[in-house]
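Student: Below is one structure. I have some questions about it.
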Number of protein chains: 2
Amino acid sequence: MYVILVYDFGEKRVGKMLKLCRKYLNWIQNSVFEGEISEVKLKEMMQQVNRFIDKDEDSIILFKSISQVYMDKEIVGKERCSTDVFL
Amino acid sequence: MYVILVYDFGEKRVGKMLKLCRKYLNWIQNSVFEGEISEVKLKEMMQQVNRFIDKDEDSIILFKSISQVYMDKEIVGKERCSTDVFL
C-alpha cells in the first residue's frame, strides 16, 4: 500500500512524530511523508502514535492508495530529500 | 483530476501562496490542499505560482490522480476545515 502522511502536531510532540514517521516512511517535505507500507506496519505505527497524540490539538491526514501507480508526483521548486539537514 | 498539493514557502511568499491555493483547491491542513481540478485550471494556477515562487527556496509537491476514487483519506486527531480560523 502506498501512503502519503501529513501531520500537524503541537510543538511538544512534533519531534516524536517526526522520529516515528522516519522509521516507517520517507520524508519528502516538512511534515509530509510518503512510502510503501503494509497494513500491519501502518497499524503498528498508528498504535505508537496513539501513545502520545493529543487528539484535541494534533492532526494526521493519511492518504492511502493500493499502489503508487495511481498517483503521479510532481515537484516544483526546491527538491528536498531525506539527506537534507533539518530539525 | 484529483490533486493533493503540499507547499513549503519562505515567510515572505507563504501568504500569497495560501491565498492562491484557496482560490483553486480546498484547504485541509496547514500547507496542504486537495481537490478536483481540471488540467487547464491547474496550469493556470501554476502559471500564477511561477510569478512569485523562489525556486531556490520554495517547494511544491503535487500528487495527481485521475480520480479521488483511488485515494482513501483518513483523518486522525483534530479535524480541520476551511472554516477554521487560521493565519
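Chain labels A, B, ... are given in the sequence in which chains occur in the C-alpha cells; within each chain residues are numbered consecutively from 1, and ligands are likewise numbered from 1 in the order shown.
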Do me a favour and pick out the residues of chain B within 9 Å of chain A, using only C-alpha atoms, as a PyMOL selection string.
Tutor: chain B and resi 6-8+28-30+32+53-67+70-80
Student: Write out the coordinates of chain B as a compact mmCIF listing (two decimals) with N, CA, C and O atoms, in the first residue's frame after a least-squares overlay onto chain A built on all ordered Cα pairs.
Tutor:
# COMPACT_ATOMS: atom_id res chain seq x y z
N MET B 1 0.84 -1.17 0.00
CA MET B 1 -0.01 0.01 0.01
C MET B 1 0.87 1.27 0.00
O MET B 1 1.88 1.33 0.69
N TYR B 2 0.44 2.25 -0.78
CA TYR B 2 1.20 3.50 -0.84
C TYR B 2 0.48 4.55 -0.02
O TYR B 2 -0.73 4.74 -0.18
N VAL B 3 1.19 5.21 0.87
CA VAL B 3 0.54 6.25 1.67
C VAL B 3 1.28 7.58 1.61
O VAL B 3 2.50 7.64 1.42
N ILE B 4 0.48 8.62 1.75
CA ILE B 4 1.03 9.96 1.95
C ILE B 4 0.53 10.36 3.33
O ILE B 4 -0.67 10.26 3.61
N LEU B 5 1.43 10.76 4.20
CA LEU B 5 1.04 11.12 5.55
C LEU B 5 1.46 12.57 5.81
O LEU B 5 2.60 12.95 5.58
N VAL B 6 0.49 13.36 6.24
CA VAL B 6 0.77 14.75 6.58
C VAL B 6 0.36 14.97 8.02
O VAL B 6 -0.74 14.61 8.42
N TYR B 7 1.23 15.53 8.81
CA TYR B 7 0.85 15.75 10.21
C TYR B 7 1.01 17.20 10.63
O TYR B 7 1.77 17.97 10.04
N ASP B 8 0.26 17.55 11.64
CA ASP B 8 0.35 18.88 12.24
C ASP B 8 0.25 18.65 13.74
O ASP B 8 -0.84 18.43 14.27
N PHE B 9 1.39 18.67 14.39
CA PHE B 9 1.44 18.34 15.81
C PHE B 9 1.90 19.54 16.63
O PHE B 9 2.64 20.39 16.14
N GLY B 10 1.48 19.58 17.86
CA GLY B 10 1.93 20.62 18.77
C GLY B 10 3.43 20.51 18.98
O GLY B 10 4.01 19.43 18.86
N GLU B 11 4.01 21.65 19.30
CA GLU B 11 5.47 21.79 19.44
C GLU B 11 6.12 20.71 20.32
O GLU B 11 7.18 20.20 20.02
N LYS B 12 5.42 20.36 21.39
CA LYS B 12 5.99 19.41 22.36
C LYS B 12 6.05 17.98 21.82
O LYS B 12 6.79 17.15 22.30
N ARG B 13 5.20 17.68 20.85
CA ARG B 13 5.11 16.32 20.34
C ARG B 13 5.64 16.15 18.91
O ARG B 13 5.77 15.04 18.41
N VAL B 14 5.95 17.26 18.28
CA VAL B 14 6.31 17.21 16.86
C VAL B 14 7.61 16.42 16.59
O VAL B 14 7.71 15.69 15.60
N GLY B 15 8.55 16.51 17.50
CA GLY B 15 9.82 15.80 17.34
C GLY B 15 9.63 14.29 17.40
O GLY B 15 10.21 13.55 16.61
N LYS B 16 8.77 13.89 18.31
CA LYS B 16 8.45 12.48 18.49
C LYS B 16 7.78 11.93 17.22
O LYS B 16 8.08 10.82 16.77
N MET B 17 6.88 12.72 16.70
CA MET B 17 6.13 12.30 15.50
C MET B 17 7.08 12.18 14.30
O MET B 17 7.01 11.22 13.53
N LEU B 18 7.94 13.15 14.17
CA LEU B 18 8.92 13.15 13.08
C LEU B 18 9.78 11.88 13.13
O LEU B 18 9.96 11.19 12.13
N LYS B 19 10.27 11.59 14.31
CA LYS B 19 11.14 10.44 14.52
C LYS B 19 10.40 9.13 14.19
O LYS B 19 10.95 8.24 13.52
N LEU B 20 9.17 9.07 14.62
CA LEU B 20 8.36 7.87 14.36
C LEU B 20 8.11 7.69 12.86
O LEU B 20 8.28 6.58 12.33
N CYS B 21 7.73 8.76 12.21
CA CYS B 21 7.44 8.68 10.77
C CYS B 21 8.67 8.24 9.98
O CYS B 21 8.56 7.47 9.03
N ARG B 22 9.82 8.74 10.38
CA ARG B 22 11.05 8.39 9.66
C ARG B 22 11.38 6.90 9.77
O ARG B 22 12.13 6.37 8.97
N LYS B 23 10.85 6.27 10.79
CA LYS B 23 11.08 4.84 10.97
C LYS B 23 10.29 4.02 9.95
O LYS B 23 10.66 2.91 9.60
N TYR B 24 9.15 4.57 9.53
CA TYR B 24 8.25 3.80 8.68
C TYR B 24 8.12 4.31 7.24
O TYR B 24 7.78 3.56 6.34
N LEU B 25 8.35 5.62 7.07
CA LEU B 25 8.10 6.21 5.76
C LEU B 25 9.26 7.10 5.30
O LEU B 25 10.23 7.28 6.02
N ASN B 26 9.13 7.62 4.10
CA ASN B 26 10.16 8.51 3.57
C ASN B 26 9.73 9.97 3.68
O ASN B 26 8.65 10.33 3.25
N TRP B 27 10.60 10.76 4.22
CA TRP B 27 10.31 12.17 4.40
C TRP B 27 10.41 12.88 3.05
O TRP B 27 11.36 12.67 2.32
N ILE B 28 9.42 13.69 2.73
CA ILE B 28 9.54 14.42 1.47
C ILE B 28 9.49 15.93 1.61
O ILE B 28 10.01 16.65 0.78
N GLN B 29 8.86 16.42 2.64
CA GLN B 29 8.80 17.88 2.84
C GLN B 29 8.24 18.16 4.23
O GLN B 29 7.23 17.56 4.60
N ASN B 30 8.86 19.10 4.92
CA ASN B 30 8.37 19.47 6.26
C ASN B 30 7.69 18.32 6.99
O ASN B 30 8.34 17.37 7.36
N SER B 31 6.40 18.39 7.15
CA SER B 31 5.69 17.35 7.89
C SER B 31 4.94 16.42 6.95
O SER B 31 3.84 15.97 7.22
N VAL B 32 5.57 16.13 5.81
CA VAL B 32 4.96 15.25 4.81
C VAL B 32 5.86 14.05 4.55
O VAL B 32 7.05 14.18 4.27
N PHE B 33 5.25 12.88 4.65
CA PHE B 33 5.97 11.63 4.40
C PHE B 33 5.20 10.82 3.37
O PHE B 33 4.00 11.00 3.20
N GLU B 34 5.90 9.92 2.72
CA GLU B 34 5.24 9.02 1.79
C GLU B 34 5.96 7.68 1.82
O GLU B 34 7.08 7.59 2.32
N GLY B 35 5.33 6.69 1.24
CA GLY B 35 6.01 5.42 1.13
C GLY B 35 5.11 4.23 0.98
O GLY B 35 3.89 4.32 1.17
N GLU B 36 5.74 3.13 0.64
CA GLU B 36 5.05 1.84 0.58
C GLU B 36 5.09 1.27 1.99
O GLU B 36 6.14 1.23 2.63
N ILE B 37 3.96 0.84 2.46
CA ILE B 37 3.88 0.27 3.80
C ILE B 37 2.76 -0.76 3.84
O ILE B 37 1.75 -0.60 3.16
N SER B 38 2.96 -1.79 4.62
CA SER B 38 1.90 -2.81 4.72
C SER B 38 0.86 -2.36 5.73
O SER B 38 1.12 -1.51 6.58
N GLU B 39 -0.32 -2.93 5.65
CA GLU B 39 -1.41 -2.63 6.60
C GLU B 39 -0.93 -2.87 8.03
O GLU B 39 -1.20 -2.10 8.93
N VAL B 40 -0.19 -3.98 8.20
CA VAL B 40 0.30 -4.37 9.52
C VAL B 40 1.26 -3.31 10.09
O VAL B 40 1.14 -2.88 11.23
N LYS B 41 2.18 -2.90 9.24
CA LYS B 41 3.18 -1.92 9.68
C LYS B 41 2.51 -0.57 9.98
O LYS B 41 2.88 0.14 10.92
N LEU B 42 1.54 -0.21 9.15
CA LEU B 42 0.83 1.06 9.35
C LEU B 42 0.06 1.03 10.67
O LEU B 42 0.06 2.00 11.42
N LYS B 43 -0.54 -0.10 10.95
CA LYS B 43 -1.29 -0.28 12.19
C LYS B 43 -0.34 -0.15 13.38
O LYS B 43 -0.63 0.52 14.37
N GLU B 44 0.80 -0.79 13.25
CA GLU B 44 1.85 -0.75 14.29
C GLU B 44 2.27 0.70 14.54
O GLU B 44 2.36 1.15 15.67
N MET B 45 2.48 1.43 13.46
CA MET B 45 2.88 2.83 13.56
C MET B 45 1.80 3.66 14.25
O MET B 45 2.09 4.44 15.15
N MET B 46 0.55 3.45 13.84
CA MET B 46 -0.55 4.23 14.41
C MET B 46 -0.78 3.89 15.90
O MET B 46 -1.22 4.76 16.66
N GLN B 47 -0.46 2.68 16.27
CA GLN B 47 -0.57 2.32 17.69
C GLN B 47 0.45 3.12 18.51
O GLN B 47 0.17 3.56 19.62
N GLN B 48 1.61 3.30 17.92
CA GLN B 48 2.64 4.09 18.59
C GLN B 48 2.26 5.57 18.65
O GLN B 48 2.50 6.25 19.64
N VAL B 49 1.65 6.04 17.57
CA VAL B 49 1.17 7.44 17.55
C VAL B 49 0.16 7.65 18.68
O VAL B 49 0.20 8.66 19.38
N ASN B 50 -0.71 6.69 18.84
CA ASN B 50 -1.77 6.81 19.84
C ASN B 50 -1.27 6.98 21.28
O ASN B 50 -2.00 7.44 22.14
N ARG B 51 -0.02 6.61 21.48
CA ARG B 51 0.55 6.74 22.83
C ARG B 51 0.86 8.19 23.20
O ARG B 51 0.96 8.53 24.36
N PHE B 52 1.08 9.04 22.18
CA PHE B 52 1.45 10.42 22.52
C PHE B 52 0.64 11.51 21.83
O PHE B 52 0.76 12.68 22.15
N ILE B 53 -0.22 11.13 20.87
CA ILE B 53 -1.01 12.15 20.17
C ILE B 53 -1.99 12.83 21.12
O ILE B 53 -2.55 12.19 22.01
N ASP B 54 -2.14 14.13 20.97
CA ASP B 54 -3.17 14.86 21.70
C ASP B 54 -4.28 15.11 20.68
O ASP B 54 -4.16 15.98 19.82
N LYS B 55 -5.33 14.35 20.76
CA LYS B 55 -6.36 14.38 19.71
C LYS B 55 -7.14 15.70 19.63
O LYS B 55 -7.88 15.93 18.68
N ASP B 56 -6.98 16.54 20.64
CA ASP B 56 -7.64 17.85 20.58
C ASP B 56 -6.75 18.88 19.89
O ASP B 56 -7.21 19.94 19.49
N GLU B 57 -5.48 18.56 19.80
CA GLU B 57 -4.53 19.53 19.27
C GLU B 57 -3.87 19.07 17.97
O GLU B 57 -3.59 19.88 17.09
N ASP B 58 -3.55 17.80 17.92
CA ASP B 58 -2.76 17.27 16.80
C ASP B 58 -3.65 16.67 15.71
O ASP B 58 -4.78 16.26 15.97
N SER B 59 -3.08 16.62 14.55
CA SER B 59 -3.84 16.11 13.41
C SER B 59 -2.95 15.36 12.42
O SER B 59 -1.82 15.75 12.15
N ILE B 60 -3.49 14.26 11.93
CA ILE B 60 -2.79 13.48 10.90
C ILE B 60 -3.76 13.26 9.75
O ILE B 60 -4.93 12.90 9.97
N ILE B 61 -3.29 13.47 8.55
CA ILE B 61 -4.09 13.09 7.39
C ILE B 61 -3.33 12.01 6.65
O ILE B 61 -2.16 12.17 6.32
N LEU B 62 -4.01 10.92 6.42
CA LEU B 62 -3.42 9.77 5.73
C LEU B 62 -4.15 9.56 4.41
O LEU B 62 -5.37 9.38 4.39
N PHE B 63 -3.41 9.61 3.34
CA PHE B 63 -3.99 9.28 2.04
C PHE B 63 -3.45 7.90 1.68
O PHE B 63 -2.24 7.69 1.67
N LYS B 64 -4.35 6.99 1.42
CA LYS B 64 -3.91 5.62 1.12
C LYS B 64 -4.33 5.23 -0.28
O LYS B 64 -5.45 5.52 -0.70
N SER B 65 -3.45 4.55 -0.95
CA SER B 65 -3.76 4.06 -2.28
C SER B 65 -3.22 2.64 -2.40
O SER B 65 -2.21 2.30 -1.80
N ILE B 66 -3.93 1.82 -3.15
CA ILE B 66 -3.49 0.43 -3.30
C ILE B 66 -2.07 0.41 -3.84
O ILE B 66 -1.22 -0.34 -3.41
N SER B 67 -1.82 1.31 -4.77
CA SER B 67 -0.50 1.35 -5.38
C SER B 67 -0.14 2.78 -5.77
O SER B 67 -0.99 3.61 -6.06
N GLN B 68 1.15 3.03 -5.79
CA GLN B 68 1.65 4.35 -6.16
C GLN B 68 1.35 4.64 -7.63
O GLN B 68 1.38 5.79 -8.07
N VAL B 69 1.05 3.60 -8.38
CA VAL B 69 0.75 3.69 -9.81
C VAL B 69 -0.35 4.72 -10.08
O VAL B 69 -0.34 5.43 -11.07
N TYR B 70 -1.28 4.82 -9.13
CA TYR B 70 -2.43 5.71 -9.33
C TYR B 70 -2.11 7.18 -9.02
O TYR B 70 -2.92 8.06 -9.23
N MET B 71 -0.92 7.40 -8.45
CA MET B 71 -0.56 8.76 -8.09
C MET B 71 0.66 9.22 -8.88
O MET B 71 1.69 8.54 -8.90
N ASP B 72 0.54 10.36 -9.47
CA ASP B 72 1.65 10.94 -10.20
C ASP B 72 2.21 12.06 -9.32
O ASP B 72 1.46 12.91 -8.85
N LYS B 73 3.49 12.03 -9.04
CA LYS B 73 4.08 13.04 -8.16
C LYS B 73 4.92 14.02 -8.95
O LYS B 73 5.73 13.63 -9.76
N GLU B 74 4.70 15.29 -8.68
CA GLU B 74 5.45 16.32 -9.39
C GLU B 74 6.01 17.30 -8.36
O GLU B 74 5.30 17.72 -7.45
N ILE B 75 7.28 17.62 -8.50
CA ILE B 75 7.88 18.56 -7.56
C ILE B 75 8.25 19.84 -8.29
O ILE B 75 8.86 19.81 -9.35
N VAL B 76 7.82 20.96 -7.73
CA VAL B 76 8.13 22.26 -8.33
C VAL B 76 9.00 23.02 -7.33
O VAL B 76 8.70 23.05 -6.14
N GLY B 77 10.06 23.62 -7.81
CA GLY B 77 10.94 24.38 -6.93
C GLY B 77 12.00 23.50 -6.32
O GLY B 77 12.42 22.50 -6.91
N LYS B 78 12.38 23.85 -5.13
CA LYS B 78 13.46 23.16 -4.43
C LYS B 78 13.08 21.72 -4.09
O LYS B 78 12.09 21.49 -3.40
N GLU B 79 13.88 20.80 -4.54
CA GLU B 79 13.61 19.40 -4.20
C GLU B 79 14.37 19.04 -2.93
O GLU B 79 15.55 19.28 -2.81
N ARG B 80 13.63 18.48 -1.99
CA ARG B 80 14.29 18.06 -0.73
C ARG B 80 14.40 16.56 -0.73
O ARG B 80 13.62 15.87 -1.35
N CYS B 81 15.34 16.09 0.01
CA CYS B 81 15.38 14.65 0.21
C CYS B 81 15.77 14.37 1.64
O CYS B 81 16.16 15.26 2.38
N SER B 82 15.69 13.13 2.02
CA SER B 82 15.86 12.79 3.43
C SER B 82 17.29 13.03 3.93
O SER B 82 17.55 12.95 5.11
N THR B 83 18.19 13.33 3.02
CA THR B 83 19.55 13.61 3.46
C THR B 83 19.74 15.09 3.79
O THR B 83 20.78 15.49 4.29
N ASP B 84 18.71 15.89 3.51
CA ASP B 84 18.77 17.31 3.87
C ASP B 84 18.99 17.45 5.38
O ASP B 84 18.51 16.64 6.16
N VAL B 85 19.66 18.50 5.73
CA VAL B 85 19.80 18.79 7.15
C VAL B 85 18.57 19.61 7.55
O VAL B 85 18.25 20.60 6.91
N PHE B 86 17.88 19.16 8.55
CA PHE B 86 16.71 19.91 9.02
C PHE B 86 16.42 19.59 10.46
O PHE B 86 16.87 18.58 10.99
N LEU B 87 15.68 20.50 11.06
CA LEU B 87 15.27 20.43 12.47
C LEU B 87 16.31 19.77 13.38
O LEU B 87 16.24 18.60 13.67
Student: Would you please extract all strand (DSSP E) residues from chain A, as assigned by DSSP on the backbone, and give them as a list in words?
Tutor: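 Assigned to strand (DSSP E), within chain A: Tyr2, Val3, Ile4, Leu5, Val6, Tyr7, Asp8, Asn26, Trp27, Ile28, Gln29, Val32, Phe33, Glu34, Gly35, Glu36, Ser59, Ile60, Ile61, Leu62, Phe63, Lys64, Ser65, Asp72, Lys73, Glu74, Ile75, Val76 and Gly77 of chain A.
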Student: Looking only at alpha helix (DSSP H) from DSSP on the backbone, list the matching residues of chain A as a PyMOL selection string.
Tutor: chain A and resi 11-24+39-49
Student: Output the selection as a compact mmCIF listing (two decimals), in the first residue's frame - N, CA, C and O atoms for each residue.
Tutor:
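Wrote it out as result.txt, contents follow:
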# COMPACT_ATOMS: atom_id res chain seq x y z
N GLU A 11 4.00 21.66 19.30
CA GLU A 11 5.45 21.79 19.43
C GLU A 11 6.09 20.72 20.32
O GLU A 11 7.16 20.21 20.02
N LYS A 12 5.40 20.38 21.39
CA LYS A 12 5.96 19.42 22.35
C LYS A 12 6.02 17.99 21.81
O LYS A 12 6.76 17.17 22.31
N ARG A 13 5.18 17.71 20.83
CA ARG A 13 5.09 16.33 20.34
C ARG A 13 5.61 16.17 18.91
O ARG A 13 5.75 15.07 18.40
N VAL A 14 5.93 17.29 18.28
CA VAL A 14 6.29 17.23 16.86
C VAL A 14 7.58 16.44 16.60
O VAL A 14 7.69 15.71 15.61
N GLY A 15 8.53 16.54 17.50
CA GLY A 15 9.80 15.83 17.34
C GLY A 15 9.60 14.32 17.40
O GLY A 15 10.19 13.57 16.61
N LYS A 16 8.75 13.91 18.32
CA LYS A 16 8.44 12.49 18.49
C LYS A 16 7.77 11.94 17.23
O LYS A 16 8.07 10.84 16.78
N MET A 17 6.85 12.74 16.69
CA MET A 17 6.12 12.32 15.49
C MET A 17 7.05 12.20 14.30
O MET A 17 6.98 11.23 13.54
N LEU A 18 7.92 13.17 14.16
CA LEU A 18 8.90 13.17 13.08
C LEU A 18 9.77 11.92 13.14
O LEU A 18 9.96 11.23 12.13
N LYS A 19 10.26 11.62 14.33
CA LYS A 19 11.13 10.47 14.54
C LYS A 19 10.39 9.16 14.19
O LYS A 19 10.95 8.29 13.54
N LEU A 20 9.15 9.09 14.63
CA LEU A 20 8.35 7.90 14.37
C LEU A 20 8.10 7.71 12.87
O LEU A 20 8.28 6.61 12.34
N CYS A 21 7.72 8.79 12.21
CA CYS A 21 7.44 8.71 10.77
C CYS A 21 8.67 8.26 9.99
O CYS A 21 8.56 7.49 9.04
N ARG A 22 9.82 8.76 10.39
CA ARG A 22 11.05 8.41 9.68
C ARG A 22 11.40 6.94 9.80
O ARG A 22 12.15 6.40 8.99
N LYS A 23 10.86 6.30 10.80
CA LYS A 23 11.09 4.86 10.99
C LYS A 23 10.30 4.05 9.96
O LYS A 23 10.67 2.95 9.60
N TYR A 24 9.16 4.60 9.56
CA TYR A 24 8.26 3.83 8.70
C TYR A 24 8.13 4.34 7.27
O TYR A 24 7.79 3.58 6.38
N GLU A 39 -0.29 -2.94 5.66
CA GLU A 39 -1.38 -2.64 6.61
C GLU A 39 -0.90 -2.88 8.04
O GLU A 39 -1.18 -2.10 8.94
N VAL A 40 -0.17 -3.97 8.22
CA VAL A 40 0.32 -4.36 9.55
C VAL A 40 1.29 -3.31 10.12
O VAL A 40 1.16 -2.88 11.25
N LYS A 41 2.22 -2.90 9.27
CA LYS A 41 3.20 -1.91 9.70
C LYS A 41 2.54 -0.56 9.99
O LYS A 41 2.89 0.14 10.94
N LEU A 42 1.55 -0.22 9.17
CA LEU A 42 0.85 1.05 9.36
C LEU A 42 0.07 1.02 10.69
O LEU A 42 0.07 1.99 11.43
N LYS A 43 -0.52 -0.11 10.96
CA LYS A 43 -1.27 -0.28 12.20
C LYS A 43 -0.32 -0.16 13.40
O LYS A 43 -0.61 0.52 14.38
N GLU A 44 0.82 -0.77 13.26
CA GLU A 44 1.86 -0.73 14.30
C GLU A 44 2.28 0.72 14.56
O GLU A 44 2.35 1.18 15.69
N MET A 45 2.48 1.43 13.47
CA MET A 45 2.89 2.83 13.57
C MET A 45 1.80 3.66 14.27
O MET A 45 2.09 4.46 15.17
N MET A 46 0.56 3.45 13.85
CA MET A 46 -0.54 4.23 14.41
C MET A 46 -0.77 3.91 15.90
O MET A 46 -1.21 4.78 16.66
N GLN A 47 -0.45 2.69 16.29
CA GLN A 47 -0.56 2.33 17.70
C GLN A 47 0.46 3.13 18.51
O GLN A 47 0.18 3.58 19.62
N GLN A 48 1.62 3.33 17.93
CA GLN A 48 2.65 4.12 18.60
C GLN A 48 2.26 5.59 18.66
O GLN A 48 2.51 6.26 19.65
N VAL A 49 1.65 6.06 17.58
CA VAL A 49 1.17 7.45 17.54
C VAL A 49 0.15 7.67 18.66
O VAL A 49 0.19 8.68 19.38
